[in-house]
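Visitor: Sharing entry_35.tsv below, TSV, C-alpha atoms:
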```tsv
chain	number	residue	atom	x	y	z
R	5	MET	CA	0.00	0.00	0.00
R	6	PRO	CA	1.45	3.37	-1.04
R	7	GLN	CA	2.06	6.14	1.47
R	8	ILE	CA	-0.89	8.50	1.48
R	9	PHE	CA	0.99	11.39	3.12
R	10	HIS	CA	4.33	12.80	2.14
R	11	PRO	CA	6.85	12.90	5.08
R	12	SER	CA	6.59	16.72	5.12
R	13	MET	CA	3.05	16.31	6.50
R	14	ASN	CA	4.59	15.43	9.85
R	15	THR	CA	5.81	19.00	10.25
R	16	ILE	CA	2.63	20.54	8.87
R	17	SER	CA	0.42	18.55	11.22
R	18	ARG	CA	2.55	19.48	14.27
R	19	VAL	CA	2.49	23.15	13.34
R	20	SER	CA	-1.24	23.14	12.76
R	21	ILE	CA	-1.96	21.35	16.07
R	22	PHE	CA	0.14	23.84	18.04
R	23	GLY	CA	-1.12	26.65	15.84
R	24	ALA	CA	-4.70	25.78	16.71
R	25	VAL	CA	-3.97	26.54	20.37
R	26	PHE	CA	-2.70	29.98	19.45
R	27	PHE	CA	-5.59	30.50	17.06
R	28	VAL	CA	-8.13	29.81	19.83
R	29	MET	CA	-6.25	32.09	22.24
R	30	ALA	CA	-6.13	34.85	19.65
R	31	ALA	CA	-9.86	34.49	18.96
R	32	VAL	CA	-10.64	34.79	22.68
R	33	GLY	CA	-8.27	37.76	22.93
R	34	VAL	CA	-9.90	39.56	19.99
R	35	GLY	CA	-13.34	38.92	21.51
R	36	ALA	CA	-12.24	40.34	24.85
R	37	ALA	CA	-10.67	43.35	23.16
R	38	ILE	CA	-13.90	44.09	21.23
R	39	VAL	CA	-16.00	43.91	24.40
R	40	ARG	CA	-13.64	46.38	26.10
R	41	SER	CA	-13.18	48.63	23.09
R	42	PRO	CA	-14.98	51.95	22.69
R	43	TYR	CA	-16.94	50.28	19.89
R	44	ALA	CA	-18.78	48.21	22.51
R	45	THR	CA	-18.44	50.35	25.67
R	46	GLU	CA	-18.96	53.76	23.99
R	47	VAL	CA	-16.26	55.22	26.25
R	48	GLY	CA	-15.16	58.53	24.78
R	49	VAL	CA	-17.73	58.30	21.97
R	50	VAL	CA	-19.85	61.43	21.68
R	51	ARG	CA	-23.59	60.87	21.37
R	52	VAL	CA	-25.37	63.01	18.82
R	53	GLN	CA	-28.09	65.07	20.53
R	54	PRO	CA	-30.98	67.20	19.28
R	55	VAL	CA	-29.12	70.26	20.65
R	56	PRO	CA	-25.32	70.26	21.01
R	57	PHE	CA	-25.48	70.95	24.75
R	58	SER	CA	-22.08	71.75	26.28
R	59	HIS	CA	-21.45	70.79	29.89
R	60	GLN	CA	-18.07	72.50	29.55
R	61	HIS	CA	-19.81	75.81	28.95
R	62	HIS	CA	-22.58	75.47	31.53
R	63	VAL	CA	-20.60	73.77	34.31
R	64	GLY	CA	-17.00	74.74	33.65
R	65	ASP	CA	-17.39	78.31	32.38
R	66	VAL	CA	-20.63	79.54	33.96
R	67	GLY	CA	-20.36	77.41	37.11
R	68	ILE	CA	-23.97	76.21	37.32
R	69	ASP	CA	-24.38	73.52	39.97
R	70	CYS	CA	-25.15	70.00	38.69
R	71	ARG	CA	-28.33	69.99	40.76
R	72	TYR	CA	-29.86	73.01	39.01
R	73	CYS	CA	-30.75	70.62	36.18
R	74	HIS	CA	-30.27	67.15	37.68
R	75	ARG	CA	-32.34	67.97	40.70
R	76	SER	CA	-33.40	64.53	41.90
R	77	VAL	CA	-29.82	63.25	42.12
R	78	GLU	CA	-29.75	63.56	45.92
R	79	THR	CA	-33.14	62.01	46.56
R	80	GLU	CA	-33.93	59.49	43.82
R	81	ALA	CA	-32.42	56.65	41.82
R	82	PHE	CA	-32.64	58.71	38.63
R	83	ALA	CA	-30.64	61.94	38.62
R	84	GLY	CA	-33.28	63.71	36.56
R	85	LEU	CA	-33.21	65.62	33.30
R	86	PRO	CA	-34.38	69.22	33.13
R	87	SER	CA	-37.61	70.06	31.38
R	88	THR	CA	-37.35	72.67	28.64
R	89	ASP	CA	-38.48	75.52	30.87
R	90	VAL	CA	-35.28	75.08	32.90
R	91	CYS	CA	-33.30	75.81	29.72
R	92	MET	CA	-35.54	78.81	29.15
R	93	ASP	CA	-34.72	80.27	32.60
R	94	CYS	CA	-31.68	81.78	30.90
R	95	HIS	CA	-32.25	81.18	27.20
R	96	SER	CA	-35.41	83.23	27.07
R	97	VAL	CA	-32.92	86.12	27.20
R	98	LEU	CA	-29.48	84.77	26.34
R	99	TRP	CA	-28.93	83.43	22.80
R	100	ALA	CA	-32.68	83.85	22.38
R	101	ASP	CA	-32.32	84.06	18.58
R	102	SER	CA	-29.66	81.41	18.14
R	103	PRO	CA	-30.64	78.88	15.43
R	104	MET	CA	-28.80	76.22	17.46
R	105	LEU	CA	-31.38	76.60	20.23
R	106	GLU	CA	-34.42	76.51	17.95
R	107	PRO	CA	-35.33	72.92	19.03
R	108	VAL	CA	-35.40	74.19	22.66
R	109	ARG	CA	-37.71	77.08	21.81
R	110	GLU	CA	-39.89	74.84	19.68
R	111	SER	CA	-40.19	72.37	22.56
R	112	TYR	CA	-41.10	75.25	24.89
R	113	ARG	CA	-43.75	76.55	22.49
R	114	THR	CA	-45.34	73.20	21.67
R	115	GLY	CA	-44.83	71.31	24.93
R	116	GLU	CA	-43.22	68.47	22.97
R	117	PRO	CA	-40.24	67.29	25.06
R	118	LEU	CA	-36.73	67.25	23.63
R	119	ALA	CA	-35.72	63.65	22.90
R	120	TRP	CA	-32.19	63.44	24.31
R	121	ASN	CA	-30.16	60.32	23.62
R	122	ARG	CA	-29.07	58.56	26.76
R	123	VAL	CA	-25.33	58.51	27.32
R	124	HIS	CA	-25.24	56.32	30.43
R	125	ASP	CA	-27.63	53.41	30.12
R	126	LEU	CA	-27.21	50.52	32.53
R	127	PRO	CA	-28.74	47.15	31.73
R	128	ASP	CA	-32.19	46.86	33.35
R	129	TYR	CA	-31.03	44.04	35.65
R	130	ALA	CA	-28.60	46.34	37.46
R	131	TYR	CA	-30.39	48.59	39.96
R	132	PHE	CA	-28.26	51.68	40.34
R	133	ASN	CA	-29.37	54.44	42.68
R	134	HIS	CA	-27.84	57.91	42.41
R	135	ALA	CA	-29.10	59.18	45.76
R	136	ILE	CA	-27.29	56.68	47.95
R	137	HIS	CA	-23.99	57.06	46.09
R	138	VAL	CA	-24.07	60.85	46.18
R	139	ARG	CA	-25.11	60.97	49.84
R	140	GLN	CA	-22.33	58.61	50.91
R	141	GLY	CA	-19.62	60.65	49.24
R	142	VAL	CA	-19.15	59.26	45.74
R	143	ALA	CA	-18.56	62.33	43.59
R	144	CYS	CA	-20.14	63.00	40.19
R	145	GLU	CA	-16.63	63.24	38.80
R	146	THR	CA	-15.67	59.78	40.05
R	147	CYS	CA	-18.00	58.05	37.59
R	148	HIS	CA	-18.79	60.73	35.00
R	149	GLY	CA	-15.29	62.16	34.67
R	150	ARG	CA	-14.47	65.81	34.05
R	151	VAL	CA	-17.90	66.76	32.77
R	152	ASP	CA	-16.85	70.39	33.18
R	153	GLU	CA	-14.34	69.82	30.38
R	154	MET	CA	-16.67	67.99	27.97
R	155	PRO	CA	-17.99	70.22	25.18
R	156	LEU	CA	-20.20	67.30	24.13
R	157	MET	CA	-21.21	64.51	26.44
R	158	TYR	CA	-19.64	61.10	26.32
R	159	ARG	CA	-19.21	58.16	28.62
R	160	GLU	CA	-16.06	58.30	30.73
R	161	GLU	CA	-16.23	54.77	32.13
R	162	THR	CA	-17.24	51.39	30.73
R	163	LEU	CA	-20.07	50.79	33.26
R	164	HIS	CA	-18.91	47.16	33.25
R	165	MET	CA	-19.61	45.14	36.37
R	166	GLN	CA	-15.87	44.79	36.82
R	167	TRP	CA	-15.66	48.57	37.04
R	168	CYS	CA	-18.50	48.81	39.61
R	169	LEU	CA	-16.77	46.16	41.70
R	170	GLU	CA	-13.49	48.07	41.78
R	171	CYS	CA	-15.24	50.51	44.09
R	172	HIS	CA	-17.65	48.11	45.77
R	173	ARG	CA	-14.68	46.04	46.97
R	174	ASN	CA	-12.73	49.02	48.34
R	175	PRO	CA	-15.16	51.93	48.66
R	176	GLU	CA	-12.92	53.95	51.00
R	177	VAL	CA	-10.48	54.67	48.16
R	178	PHE	CA	-13.15	56.60	46.25
R	179	LEU	CA	-14.94	58.56	48.99
R	180	ARG	CA	-14.83	62.27	49.63
R	181	PRO	CA	-16.58	64.57	52.13
R	182	SER	CA	-20.27	65.23	51.34
R	183	GLU	CA	-19.69	68.94	50.67
R	184	ASP	CA	-17.17	68.15	47.90
R	185	VAL	CA	-19.28	65.62	46.00
R	186	PHE	CA	-20.33	68.12	43.32
R	187	ALA	CA	-16.88	69.68	42.90
R	188	PHE	CA	-14.64	69.10	39.90
R	189	ASP	CA	-10.87	68.86	39.88
R	190	TRP	CA	-11.00	68.19	43.60
R	191	GLU	CA	-7.91	67.24	45.59
R	192	PRO	CA	-7.87	66.33	49.28
R	193	ASP	CA	-5.85	68.60	51.57
R	194	GLU	CA	-4.46	67.98	55.07
R	195	SER	CA	-7.81	68.77	56.75
R	196	THR	CA	-9.73	66.26	54.59
R	197	PRO	CA	-10.80	63.13	56.49
R	198	THR	CA	-9.29	59.94	55.08
R	199	GLY	CA	-11.39	57.47	53.12
R	200	GLU	CA	-11.37	55.10	56.10
R	201	GLU	CA	-12.70	57.86	58.38
R	202	LEU	CA	-15.44	58.73	55.91
R	203	ALA	CA	-16.39	55.08	55.50
R	204	ALA	CA	-16.65	54.75	59.29
R	205	LEU	CA	-18.65	57.98	59.51
R	206	HIS	CA	-21.26	56.85	56.97
R	207	GLY	CA	-21.10	53.16	57.92
R	208	ILE	CA	-19.93	52.18	54.46
R	209	GLU	CA	-18.82	48.60	53.96
R	210	SER	CA	-17.57	46.65	51.00
R	211	LYS	CA	-20.74	45.43	49.25
R	212	THR	CA	-20.25	42.63	46.76
R	213	ASP	CA	-23.35	40.48	47.25
R	214	CYS	CA	-25.06	39.77	43.93
R	215	SER	CA	-28.29	41.09	45.41
R	216	THR	CA	-26.73	44.48	46.17
R	217	CYS	CA	-27.23	45.43	42.53
R	218	HIS	CA	-29.22	42.57	40.96
R	219	ARG	CA	-32.60	42.44	42.62
C	3	MET	CA	-24.30	9.70	8.26
C	4	SER	CA	-20.60	10.27	7.86
C	5	PRO	CA	-18.62	11.42	10.96
C	6	VAL	CA	-17.72	14.66	9.18
C	7	SER	CA	-21.29	15.76	8.51
C	8	ARG	CA	-22.30	14.68	12.02
C	9	SER	CA	-19.69	16.91	13.63
C	10	ALA	CA	-20.66	19.73	11.27
C	11	ILE	CA	-24.27	19.48	12.47
C	12	LEU	CA	-23.15	19.33	16.09
C	13	GLY	CA	-21.01	22.43	15.59
C	14	LEU	CA	-23.90	24.26	14.00
C	15	LEU	CA	-26.22	23.35	16.90
C	16	LEU	CA	-23.62	24.53	19.43
C	17	GLY	CA	-23.34	27.79	17.52
C	18	LEU	CA	-27.13	28.22	17.60
C	19	VAL	CA	-27.17	27.62	21.35
C	20	LEU	CA	-24.52	30.30	21.91
C	21	LEU	CA	-26.04	32.82	19.51
C	22	PRO	CA	-28.70	34.21	21.91
C	23	GLY	CA	-25.81	35.38	24.10
C	24	CYS	CA	-25.23	38.12	21.54
C	25	VAL	CA	-28.63	39.71	22.20
C	26	GLN	CA	-29.01	41.09	25.72
C	27	GLU	CA	-32.79	40.88	26.03
C	28	MET	CA	-32.64	41.21	29.80
C	29	ALA	CA	-30.71	44.44	29.49
C	30	ASN	CA	-33.80	46.12	28.11
C	31	GLN	CA	-36.87	44.77	29.82
C	32	PRO	CA	-40.43	45.79	28.98
C	33	ARG	CA	-40.72	48.07	32.02
C	34	ILE	CA	-40.53	51.83	31.51
C	35	ASP	CA	-37.46	53.52	32.99
C	36	PRO	CA	-37.68	57.21	33.93
C	37	LEU	CA	-38.18	59.33	30.79
C	38	GLU	CA	-37.81	56.28	28.53
C	39	PRO	CA	-39.85	56.37	25.32
C	40	SER	CA	-42.88	54.10	25.22
C	41	ALA	CA	-44.86	52.89	22.23
C	42	PHE	CA	-47.84	52.26	24.51
C	43	PHE	CA	-48.85	55.89	24.93
C	44	PRO	CA	-49.95	57.98	21.93
C	45	ASP	CA	-47.41	60.74	22.63
C	46	GLY	CA	-44.56	58.21	22.70
C	47	SER	CA	-43.39	59.30	26.13
C	48	GLY	CA	-43.09	56.88	29.05
C	49	ALA	CA	-43.26	59.76	31.53
C	50	ARG	CA	-46.91	60.59	32.14
C	51	PRO	CA	-48.08	64.11	32.90
C	52	GLN	CA	-49.99	64.53	36.13
C	53	VAL	CA	-53.75	64.28	35.61
C	54	PRO	CA	-55.25	67.75	36.13
C	55	GLY	CA	-56.58	68.19	39.64
C	56	THR	CA	-54.47	65.44	41.20
C	57	ILE	CA	-51.79	66.01	43.80
C	58	ALA	CA	-48.64	63.93	43.93
C	59	ARG	CA	-47.69	62.24	47.18
C	60	GLY	CA	-45.85	64.64	49.46
C	61	GLN	CA	-47.07	67.69	47.58
C	62	LEU	CA	-50.25	68.43	49.50
C	63	TYR	CA	-49.28	71.62	51.26
C	64	ALA	CA	-51.25	73.04	54.13
C	65	ASP	CA	-52.58	76.53	53.52
C	66	ASN	CA	-50.55	78.32	56.17
C	67	ALA	CA	-47.79	80.90	56.46
C	68	ALA	CA	-45.03	78.28	56.24
C	69	THR	CA	-46.12	77.19	52.76
C	70	THR	CA	-47.57	80.40	51.33
C	71	GLY	CA	-45.39	83.02	53.01
C	72	ARG	CA	-48.55	85.04	53.63
C	73	GLU	CA	-50.80	85.72	56.53
C	74	ASP	CA	-54.18	87.42	56.04
C	75	GLY	CA	-53.07	88.19	52.48
C	76	GLU	CA	-49.95	90.06	53.58
C	77	PRO	CA	-46.36	88.77	53.31
C	78	VAL	CA	-45.22	87.53	56.72
C	79	GLN	CA	-42.71	89.78	58.49
C	80	THR	CA	-40.41	87.04	59.79
C	81	ILE	CA	-39.62	83.49	58.75
C	82	PRO	CA	-42.49	81.35	60.13
C	83	ILE	CA	-40.38	78.24	60.74
C	84	GLU	CA	-37.58	77.68	63.23
C	85	VAL	CA	-34.28	79.18	62.07
C	86	SER	CA	-31.32	77.05	63.11
C	87	ALA	CA	-27.71	76.61	62.05
C	88	GLY	CA	-28.90	73.57	60.09
C	89	LEU	CA	-31.46	75.64	58.18
C	90	LEU	CA	-28.80	78.23	57.34
C	91	ALA	CA	-26.46	75.52	56.10
C	92	GLU	CA	-29.24	74.13	53.92
C	93	GLY	CA	-29.93	77.67	52.71
C	94	ARG	CA	-26.32	78.11	51.73
C	95	LYS	CA	-26.42	74.87	49.76
C	96	GLN	CA	-29.70	75.76	48.01
C	97	TYR	CA	-28.40	79.26	47.28
C	98	GLY	CA	-25.37	77.69	45.62
C	99	ILE	CA	-27.60	75.53	43.44
C	100	TYR	CA	-30.34	77.96	42.45
C	101	CYS	CA	-29.26	81.57	43.05
C	102	ASP	CA	-25.49	81.94	42.90
C	103	HIS	CA	-25.02	82.04	39.13
C	104	CYS	CA	-27.24	85.15	38.77
C	105	HIS	CA	-27.23	86.86	42.16
C	106	GLY	CA	-23.53	86.18	42.79
C	107	SER	CA	-21.95	84.39	45.74
C	108	ALA	CA	-22.13	87.54	47.87
C	109	GLY	CA	-25.54	88.69	46.60
C	110	TYR	CA	-24.54	91.80	44.64
C	111	GLY	CA	-26.39	90.58	41.55
C	112	ASP	CA	-23.19	90.05	39.57
C	113	GLY	CA	-23.25	86.28	39.01
C	114	MET	CA	-21.69	84.62	35.99
C	115	VAL	CA	-24.93	84.44	33.99
C	116	VAL	CA	-25.33	88.20	34.50
C	117	GLN	CA	-21.76	88.73	33.32
C	118	ARG	CA	-22.77	86.84	30.18
C	119	GLY	CA	-25.55	89.30	29.45
C	120	PHE	CA	-28.57	88.40	31.59
C	121	PRO	CA	-30.36	91.47	33.04
C	122	HIS	CA	-28.74	92.59	36.30
C	123	PRO	CA	-30.85	91.61	39.33
C	124	PRO	CA	-30.93	94.12	42.20
C	125	THR	CA	-28.30	93.83	44.93
C	126	TYR	CA	-29.54	92.48	48.27
C	127	TYR	CA	-28.03	95.52	50.00
C	128	SER	CA	-30.34	98.26	48.77
C	129	GLU	CA	-32.31	100.12	51.43
C	130	ARG	CA	-35.50	98.62	50.01
C	131	LEU	CA	-34.41	94.97	50.13
C	132	LEU	CA	-32.83	95.31	53.57
C	133	ASN	CA	-36.26	96.33	54.87
C	134	VAL	CA	-38.74	94.17	52.94
C	135	PRO	CA	-40.56	91.51	55.00
C	136	ASP	CA	-39.20	87.94	54.85
C	137	GLY	CA	-42.44	86.90	53.18
C	138	HIS	CA	-41.60	89.14	50.22
C	139	LEU	CA	-38.31	87.30	49.57
C	140	PHE	CA	-40.23	84.01	49.86
C	141	ALA	CA	-42.81	85.23	47.35
C	142	VAL	CA	-40.11	86.21	44.84
C	143	ILE	CA	-38.47	82.79	45.06
C	144	THR	CA	-41.89	81.15	44.74
C	145	ASP	CA	-43.33	83.07	41.82
C	146	GLY	CA	-40.36	84.93	40.35
C	147	LEU	CA	-40.16	88.61	39.56
C	148	GLY	CA	-39.32	90.39	36.33
C	149	ARG	CA	-36.93	88.18	34.41
C	150	MET	CA	-36.48	85.80	37.33
C	151	PRO	CA	-38.50	82.59	36.95
C	152	GLY	CA	-40.51	81.19	39.84
C	153	TYR	CA	-39.07	78.21	41.65
C	154	LYS	CA	-42.11	76.82	43.41
C	155	ALA	CA	-42.07	73.68	41.25
C	156	ARG	CA	-38.41	73.06	42.02
C	157	ILE	CA	-37.70	74.19	45.59
C	158	GLU	CA	-39.70	72.88	48.54
C	159	PRO	CA	-41.21	75.58	50.81
C	160	GLN	CA	-38.90	74.52	53.65
C	161	ASP	CA	-35.86	75.06	51.42
C	162	ARG	CA	-37.23	78.38	50.16
C	163	TRP	CA	-37.30	79.59	53.77
C	164	ALA	CA	-33.75	78.26	54.15
C	165	ILE	CA	-32.70	80.45	51.23
C	166	VAL	CA	-34.52	83.44	52.75
C	167	ALA	CA	-32.61	82.85	56.00
C	168	TYR	CA	-29.33	82.63	54.11
C	169	VAL	CA	-30.03	85.85	52.20
C	170	ARG	CA	-30.73	87.55	55.54
C	171	ALA	CA	-27.40	86.20	56.81
C	172	LEU	CA	-25.67	87.60	53.71
C	173	GLN	CA	-27.26	90.99	54.34
C	174	LEU	CA	-26.09	90.89	57.94
C	175	SER	CA	-22.58	89.96	56.81
C	176	GLN	CA	-22.28	93.17	54.77
C	177	HIS	CA	-23.76	95.41	57.47
C	178	ALA	CA	-22.31	93.94	60.65
C	179	ASP	CA	-20.27	95.95	63.11
C	180	ALA	CA	-16.93	94.37	64.09
C	181	SER	CA	-17.65	95.15	67.73
C	182	GLU	CA	-20.55	92.65	67.67
C	183	LEU	CA	-18.15	89.77	67.07
C	184	PRO	CA	-17.00	87.52	69.91
C	185	ALA	CA	-13.56	88.55	71.22
C	186	ASP	CA	-11.53	85.76	69.60
C	187	LEU	CA	-13.04	86.32	66.14
C	188	ARG	CA	-12.50	90.09	66.54
C	189	ASN	CA	-8.84	89.49	67.30
C	190	GLU	CA	-8.57	87.31	64.22
C	191	LEU	CA	-10.15	90.06	62.15
C	192	THR	CA	-7.78	92.79	63.38
C	193	ALA	CA	-4.84	90.42	62.92
C	194	THR	CA	-5.83	89.93	59.25
C	195	ASP	CA	-6.17	93.69	58.77
C	196	GLU	CA	-2.56	94.32	59.69
```
Show me this structure written as C-alpha cells.
Guide:
Amino acid sequence: MPQIFHPSMNTISRVSIFGAVFFVMAAVGVGAAIVRSPYATEVGVVRVQPVPFSHQHHVGDVGIDCRYCHRSVETEAFAGLPSTDVCMDCHSVLWADSPMLEPVRESYRTGEPLAWNRVHDLPDYAYFNHAIHVRQGVACETCHGRVDEMPLMYREETLHMQWCLECHRNPEVFLRPSEDVFAFDWEPDESTPTGEELAALHGIESKTDCSTCHR
Amino acid sequence: MSPVSRSAILGLLLGLVLLPGCVQEMANQPRIDPLEPSAFFPDGSGARPQVPGTIARGQLYADNAATTGREDGEPVQTIPIEVSAGLLAEGRKQYGIYCDHCHGSAGYGDGMVVQRGFPHPPTYYSERLLNVPDGHLFAVITDGLGRMPGYKARIEPQDRWAIVAYVRALQLSQHADASELPADLRNELTATDE
C-alpha cells in the first residue's frame, strides 16, 4: 500500500496542532478586546443630541451647579433631566435668537419634550441608585469624569460590572466629604478626612453580594 | 451519516445555542425607565403628565404661612419656621444651586450668567431689600419677579425659607459691626487687617 501522506506532512500537522492553540487564544483575545473597546463600551464616543449641549460651557465656564438641572440626584435613583423651561430660565434672554437653540424654543412653544439620547444606560437588571452614592460621598466626577471639560457629552467609564466592583470592593479609596461631591478637579488637603474615616462615619462597607445590585 | 457531517451538524447546533448570548434581552426589559420612550402611549413618552386636579404624594401643602409666606393676604414679616444653624447651612447649599449664578456668591447681583448678558438683578443691599418683610423674599423665590422665573415647582417651601434665612445672613454679613463679634473672632479680624 502506497504512502498517502508525504513525510513533510509530519511538520505541517505538528504546526497546525500547536497553531490551533494559538488561534483559539487569539480568537478569545480579539473577543475580549472588542468587548472592552470603545466600539462596545462607547467610552469617549460622543452621542449626537438634538441640541449640542455643552457641559463645559454650563458647568466649567458659567459654574452652574449639577443639581440646578439634575435635581433629583440627591433624593432618587434617577438623577433627573431638566424640562425645557429650565433651559428657558436663561435662554429666554441669552442666545434667544440662536438657530442652534431653535429645538429648545420649539419644545417650549409646543410642549413636545426634547428627545435626548441617553449617554449612560445601565442594563435593566442592574439597579443603580444615584441618591445613595451621592449621599455617601461618591462624587459625580468619580463616575462621570471631568464633565466640566466635555464640550459634548460622552461616557467616561465602561459601566462594566468589573468597574462597579473596583469601588464596591474598596469603597474607602473613592470617597470624599459630602460637601465636595459636586466639585470638579477636587484634591484632598491635610484637613480632609481619610477614606477610612469617611467610610466609618457613613457606615460604608464593602458590598459585593449579587443582590446588592441585581434584585 | 458520515462522521464529518455529524460533527458539522453538532457544531452548527452549538453555535445556535450560543447565539442568543449576543442579544441582551434582559438588558432592556419591557418596564418603563424614567423618561424612557414608550410605544404604549400615543405621545410616545413613558413619563406621564400629572392628571389635572391630582396632587402627587408629598405635595399636598397646608394653607398656612409656612407654605404660602402670607398671613391674612400680607407677606409675613419674619420666617415662620424655626431658624437654626442647620437651616442656614441648607440655605447656603440651596443658594449655591439655584441663586449663585445670577445673584452672585455675595448677593450683589453680579453672578456669571449676568456677566454673560442676563439682566442685572438688584443687589440684596439696597435700602428697600434690607427692609422688605421675609415673606416678600419668599414670594419672589416662589413666583419669580421680572426676568427671574418662579421656583415653586423646584424648591420645597422649607428650602425656600432656608434660602430666605441665608439671604438675611448675607445681608447681615455686609452690614455687621466688628464690635458685635466675639472677642476671639474680633482678634482674628484685626490680625488679618494688619
Visitor: Hey, list the chain C side of the contact with chain R: 7 Å cut-off, all atoms listed in the file, answer as a CSV table (one decimal) with C-alpha atoms, keeping the file's coordinate frame.
Guide:
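The file below, iface00.csv, is the result:
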```csv
chain,number,residue,atom,x,y,z
C,28,MET,CA,-32.6,41.2,29.8
C,29,ALA,CA,-30.7,44.4,29.5
C,30,ASN,CA,-33.8,46.1,28.1
C,31,GLN,CA,-36.9,44.8,29.8
C,99,ILE,CA,-27.6,75.5,43.4
C,100,TYR,CA,-30.3,78.0,42.4
C,103,HIS,CA,-25.0,82.0,39.1
C,114,MET,CA,-21.7,84.6,36.0
C,115,VAL,CA,-24.9,84.4,34.0
C,119,GLY,CA,-25.6,89.3,29.4
C,120,PHE,CA,-28.6,88.4,31.6
C,151,PRO,CA,-38.5,82.6,37.0
```
Visitor: So that I can see what lies close to stretch 175-186 of chain C, please list as a list in words the residues with an atom at most 12 Å from it, counting only C-alpha atoms and leaving out residues fewer than 3 positions away in the same chain.
Guide: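 Here the qualifying residues turn out to be Ala108, Gly109, Tyr110, Thr125, Tyr126, Tyr127, Ser128, Glu129, Leu132, Tyr168, Val169, Arg170, Ala171, Leu172, Asn189, Glu190, Leu191, Thr192 and Ala193 of chain C.
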Visitor: Within 7 Å of stretch 160-170 of chain R, counting only C-alpha atoms, which residues qualify if same-chain residues fewer than 6 places away don't, as a VMD selection string?
Guide: chain R and resid 45 47 to 48 147 to 149
Visitor: From the options C:Leu187, C:Cys101, C:Val134, C:Ala167, which residue's atoms come nearest to C:Met150, counting all atoms listed in the file?
Guide: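 Using all atoms listed in the file, C:Met150 sits closest to C:Cys101.
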Visitor: Any idea what the distance is between atom CA of C:Ala67 and atom CA of C:Pro82?
Guide: 6.5 Å
Visitor: How far is it from atom CA of R:Thr212 to atom CA of R:Glu46, in Å with one decimal?
Guide: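 It comes out at 25.4 Å.
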Visitor: Check the smallest atom-to-atom distance from each of R:Val63, R:Val19, R:Val25, R:Val49 to R:Arg150 using all atoms listed in the file, then report the winner.
Guide: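 Smallest distance to R:Arg150 is found for R:Val63.
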Visitor: Provide the atom CA of R:Phe178 to atom CA of R:Phe132 distance in Å, to one decimal place.
Guide: 17.0 Å
Visitor: Considering all atoms listed in the file, state which residue in the set R:Gly64, R:Gly23, R:Pro6, R:Pro56 is at the smallest distance from R:Asp152.
Guide: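 Looking at the shortest contact to R:Asp152, the residue is R:Gly64.
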Visitor: Using the file's own x, y and z axes, what box holds all listed atoms of stretch 108-120 of chain C with 8 Å on each side, keeping edges along x, y and z, and what are its centre and edge lengths in Å to one decimal, as lines of an AutoDock Vina configuration file?
Guide:
```
center_x = -25.1
center_y = 88.1
center_z = 38.7
size_x = 22.9
size_y = 23.4
size_z = 34.4
```
Visitor: I need the residue nearest R:Glu176 from this list: R:Ser87, R:Ser210, R:Thr216, R:Thr196. Use all atoms listed in the file for the distance.
Guide: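 So, comparing all the options, the nearest one is R:Ser210.
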Visitor: Identify, on the basis of only C-alpha atoms, every residue whose closest approach to R:Asp189 does not exceed 12 Å; exclude the query and any residue fewer than 2 positions from it along the same chain; express the result as a list in words.
Guide: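 The residues satisfying every condition are Gly64, Ala143, Cys144, Glu145, Thr146, Gly149, Arg150, Val151, Asp152, Glu153, Asp184, Val185, Phe186, Ala187, Glu191 and Pro192 of chain R.
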Visitor: So that I can see what lies close to C:Ile34, please list as a list in words the residues with an atom at most 10 Å from it, counting all atoms listed in the file and leaving out residues fewer than 6 positions away in the same chain.
Guide: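 That gives Asp128 of chain R; Ser40, Ser47, Gly48 and Ala49 of chain C.
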Visitor: Smallest atom-to-atom distance to R:Cys217: which of R:Glu80, R:Tyr131, R:Glu194, R:Ala204, using all atoms listed in the file?
Guide: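 Using all atoms listed in the file, the shortest distance to R:Cys217 belongs to R:Tyr131.
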Visitor: With all atoms listed in the file as the basis for distance, which of R:Val55, R:Met104, R:Ile208, R:Met13 is at the shortest distance from R:Met157?
Guide: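 Using all atoms listed in the file, the shortest distance to R:Met157 belongs to R:Val55.
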